[in-house]
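A quick write-up on the structure given underneath.
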Amino acid sequence: MRPTLNKIACLLAITALSSFMATTVRAAQIGDSVFIAVSVENRVPLVVSNDPQDVAHFVLDDGIWLVSGQVNFLSLSTPAGTMFTAANIGVGSLSFEPPQTASITAEQVARLGNIIRNTSMVPRLIDVPDDTSVFLVAGSFNPNPNVSAWGFMTAVKIRNHVD
C-alpha cells in the first residue's frame, strides 16, 4: 500500500514541529532558580592580579533576579605578610563593581601555612536584559602564586519585565 500525499505531508509536519520544539528554550518563570557550583576538587587556580577572574558563570533571560553566592579561597604555603582576596558577582562582565556585593579581605599571616577563607556575597536584585552573563568572580592580590578558588552562585527570578 502506497502512502498518500496527505500522510507524507502530515509526517513531515510532525517531524519538523518536534525538531523545532527540541531546540526552543523556554523563558524562566517567576520563582525559577539557577544554580552553579565549582567543587573543591575542581577549584580554579588564580593568578596574582588586580583583575577579577571567572570562577563560574551562567546566563539569565530578561527579568528581575535575586542573586547571591560564595567564593572559597585556598592558599597553600602562604608566606608571612598580608593576604588580600576579593570576590563579587559581576553582571555582564568580570568585575569587582558594583560594591553592593563585592567583598575585599585582608588578613595578616604570621607564619608560613595553608589558609582557607570563605567570602559570602549578600543577595542583591539585578534587572537584566535577555542573554545576560552573570559571573562569580574572585581575585588574589597577595604575592603567593598558589591560590585557588571554588564556590557557588544562585539566582531566583522575582519578576518579568512588563512591556
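Within each chain, counting starts at residue 1; across the C-alpha cells, chains are named A, B, ... in the order shown, with ligands numbered 1 upward in that order.
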
### Task
Compile the contact shell of A:Leu125 as number ranges by chain: residues with an atom at most 10 Å away, counting only C-alpha atoms, same-chain residues fewer than 6 positions apart removed.
A: 64-68, 155-158

Please return, as a PDB file with N, CA and C atoms, in the first residue's frame, all residues of chain A that DSSP assigns to helix (DSSP H, G or I) on the basis of the backbone.
ATOM      1  N   LEU A   5      -0.288  11.337  -0.343  1.00  0.00           N
ATOM      2  CA  LEU A   5       0.433  12.602  -0.219  1.00  0.00           C
ATOM      3  C   LEU A   5       0.101  13.299   1.094  1.00  0.00           C
ATOM      4  N   ASN A   6      -1.134  13.208   1.563  1.00  0.00           N
ATOM      5  CA  ASN A   6      -1.535  13.831   2.828  1.00  0.00           C
ATOM      6  C   ASN A   6      -0.817  13.194   4.013  1.00  0.00           C
ATOM      7  N   LYS A   7      -0.659  11.870   4.001  1.00  0.00           N
ATOM      8  CA  LYS A   7       0.043  11.189   5.089  1.00  0.00           C
ATOM      9  C   LYS A   7       1.513  11.590   5.131  1.00  0.00           C
ATOM     10  N   ILE A   8       2.131  11.708   3.958  1.00  0.00           N
ATOM     11  CA  ILE A   8       3.536  12.125   3.900  1.00  0.00           C
ATOM     12  C   ILE A   8       3.676  13.555   4.411  1.00  0.00           C
ATOM     13  N   ALA A   9       2.793  14.451   3.981  1.00  0.00           N
ATOM     14  CA  ALA A   9       2.837  15.844   4.438  1.00  0.00           C
ATOM     15  C   ALA A   9       2.639  15.921   5.943  1.00  0.00           C
ATOM     16  N   CYS A  10       1.747  15.102   6.474  1.00  0.00           N
ATOM     17  CA  CYS A  10       1.491  15.099   7.919  1.00  0.00           C
ATOM     18  C   CYS A  10       2.728  14.619   8.682  1.00  0.00           C
ATOM     19  N   LEU A  11       3.374  13.556   8.200  1.00  0.00           N
ATOM     20  CA  LEU A  11       4.591  13.061   8.845  1.00  0.00           C
ATOM     21  C   LEU A  11       5.705  14.099   8.809  1.00  0.00           C
ATOM     22  N   LEU A  12       5.861  14.778   7.678  1.00  0.00           N
ATOM     23  CA  LEU A  12       6.880  15.833   7.573  1.00  0.00           C
ATOM     24  C   LEU A  12       6.586  16.979   8.535  1.00  0.00           C
ATOM     25  N   ALA A  13       5.323  17.354   8.653  1.00  0.00           N
ATOM     26  CA  ALA A  13       4.955  18.447   9.564  1.00  0.00           C
ATOM     27  C   ALA A  13       5.236  18.062  11.011  1.00  0.00           C
ATOM     28  N   ILE A  14       4.902  16.830  11.406  1.00  0.00           N
ATOM     29  CA  ILE A  14       5.156  16.377  12.773  1.00  0.00           C
ATOM     30  C   ILE A  14       6.652  16.326  13.051  1.00  0.00           C
ATOM     31  N   THR A  15       7.441  15.845  12.100  1.00  0.00           N
ATOM     32  CA  THR A  15       8.896  15.784  12.260  1.00  0.00           C
ATOM     33  C   THR A  15       9.482  17.184  12.414  1.00  0.00           C
ATOM     34  N   ALA A  16       9.036  18.116  11.586  1.00  0.00           N
ATOM     35  CA  ALA A  16       9.538  19.494  11.662  1.00  0.00           C
ATOM     36  C   ALA A  16       9.153  20.132  12.986  1.00  0.00           C
ATOM     37  N   LEU A  17       7.919  19.925  13.446  1.00  0.00           N
ATOM     38  CA  LEU A  17       7.465  20.507  14.699  1.00  0.00           C
ATOM     39  C   LEU A  17       8.238  19.939  15.882  1.00  0.00           C
ATOM     40  N   SER A  18       8.490  18.625  15.889  1.00  0.00           N
ATOM     41  CA  SER A  18       9.209  18.037  17.016  1.00  0.00           C
ATOM     42  C   SER A  18      10.651  18.517  17.066  1.00  0.00           C
ATOM     43  N   SER A  19      11.303  18.720  15.928  1.00  0.00           N
ATOM     44  CA  SER A  19      12.678  19.235  15.952  1.00  0.00           C
ATOM     45  C   SER A  19      12.694  20.694  16.376  1.00  0.00           C
ATOM     46  N   PHE A  20      11.668  21.466  16.020  1.00  0.00           N
ATOM     47  CA  PHE A  20      11.592  22.860  16.452  1.00  0.00           C
ATOM     48  C   PHE A  20      11.422  22.932  17.967  1.00  0.00           C
ATOM     49  N   MET A  21      10.581  22.090  18.517  1.00  0.00           N
ATOM     50  CA  MET A  21      10.330  22.096  19.952  1.00  0.00           C
ATOM     51  C   MET A  21      11.575  21.675  20.723  1.00  0.00           C
ATOM     52  N   ALA A  22      12.392  20.814  20.166  1.00  0.00           N
ATOM     53  CA  ALA A  22      13.582  20.348  20.861  1.00  0.00           C
ATOM     54  C   ALA A  22      14.646  21.433  20.967  1.00  0.00           C
ATOM     55  N   THR A  23      14.653  22.400  20.060  1.00  0.00           N
ATOM     56  CA  THR A  23      15.673  23.444  20.076  1.00  0.00           C
ATOM     57  C   THR A  23      15.172  24.745  20.691  1.00  0.00           C
ATOM     58  N   VAL A  40      35.522  21.775  45.418  1.00  0.00           N
ATOM     59  CA  VAL A  40      36.908  21.982  45.840  1.00  0.00           C
ATOM     60  C   VAL A  40      37.862  21.171  44.960  1.00  0.00           C
ATOM     61  N   GLU A  41      37.405  20.014  44.486  1.00  0.00           N
ATOM     62  CA  GLU A  41      38.254  19.193  43.614  1.00  0.00           C
ATOM     63  C   GLU A  41      38.487  19.852  42.257  1.00  0.00           C
ATOM     64  N   ASN A  42      37.574  20.729  41.855  1.00  0.00           N
ATOM     65  CA  ASN A  42      37.680  21.417  40.559  1.00  0.00           C
ATOM     66  C   ASN A  42      37.974  22.901  40.708  1.00  0.00           C
TER      67      ASN A  42
END

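In this model, the gap between atom CA of A:Thr101 and atom CA of A:Ala86 comes to 10.5 Å.
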
### Message
Can you pull out the residues contacting A:Gln70? Cut-off 10 Å, using only C-alpha atoms, and skip same-chain residues under 6 positions away; I want them as an MDAnalysis selection string.
### Response
chainID A and resid 37 87:89 118:122 136:138 150:154

### Task
Tell me which protein, DNA and RNA residues are within 12 Å of A:Asn114, counting only C-alpha atoms, leaving out same-chain ones fewer than 2 positions away, and put them as number ranges by chain.
A: 73-80, 83, 109-112, 116-117, 144, 146-148

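Across the model, the gap from atom CA of A:Val71 to atom CA of A:Ile36 is 11.9 Å.
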
List as a short mmCIF file (atom, residue, chain, number, x, y, z; two decimals) with N, CA and C atoms, in the first residue's frame the protein and nucleic acid residues near A:Ala149, meaning an atom at most 6 Å away when only C-alpha atoms are counted, but skip any in the same chain fewer than 6 places from it.
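Saved as selection-v3.cif:
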data_model
loop_
_atom_site.label_atom_id
_atom_site.label_comp_id
_atom_site.auth_asym_id
_atom_site.auth_seq_id
_atom_site.Cartn_x
_atom_site.Cartn_y
_atom_site.Cartn_z
N ARG A 43 38.59 23.28 41.82
CA ARG A 43 38.84 24.70 42.09
C ARG A 43 39.66 25.33 40.97
N VAL A 44 39.49 26.64 40.84
CA VAL A 44 40.11 27.41 39.77
C VAL A 44 41.38 28.07 40.28
N ASN A 72 35.17 30.50 47.96
CA ASN A 72 36.11 29.96 48.95
C ASN A 72 37.51 30.03 48.37
N PHE A 73 38.46 30.42 49.18
CA PHE A 73 39.86 30.54 48.74
C PHE A 73 40.71 29.53 49.48
#

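Proximity to A:Ile126 was assessed for A:Leu60, A:Val47, A:Ala28, A:Val38 counting only C-alpha atoms; the smallest distance is recorded for A:Leu60.
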
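Minimum atom-to-atom distances from A:Ser93, A:Asn160, A:Gln108, A:Ser39 to A:Phe58 were compared using only C-alpha atoms, and the lowest value belongs to A:Ser93.
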
#### Entry: DSSP-assigned strand (DSSP E or B) members of chain A, reported as a PyMOL selection string
chain A and resi 33-38+44-46+48+53-60+63-78+81-91+103-109+113-128+132-140+147-159

### Task
Tell me which of A:Ser33, A:Gly113, A:Pro143, A:Val59 sits closest to A:Asp131, counting only C-alpha atoms.
A:Val59

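The closest residue to A:Ala106, picked from A:Asn50, A:Gln29, A:Thr132, A:Ser140 and counting only C-alpha atoms, is A:Ser140.
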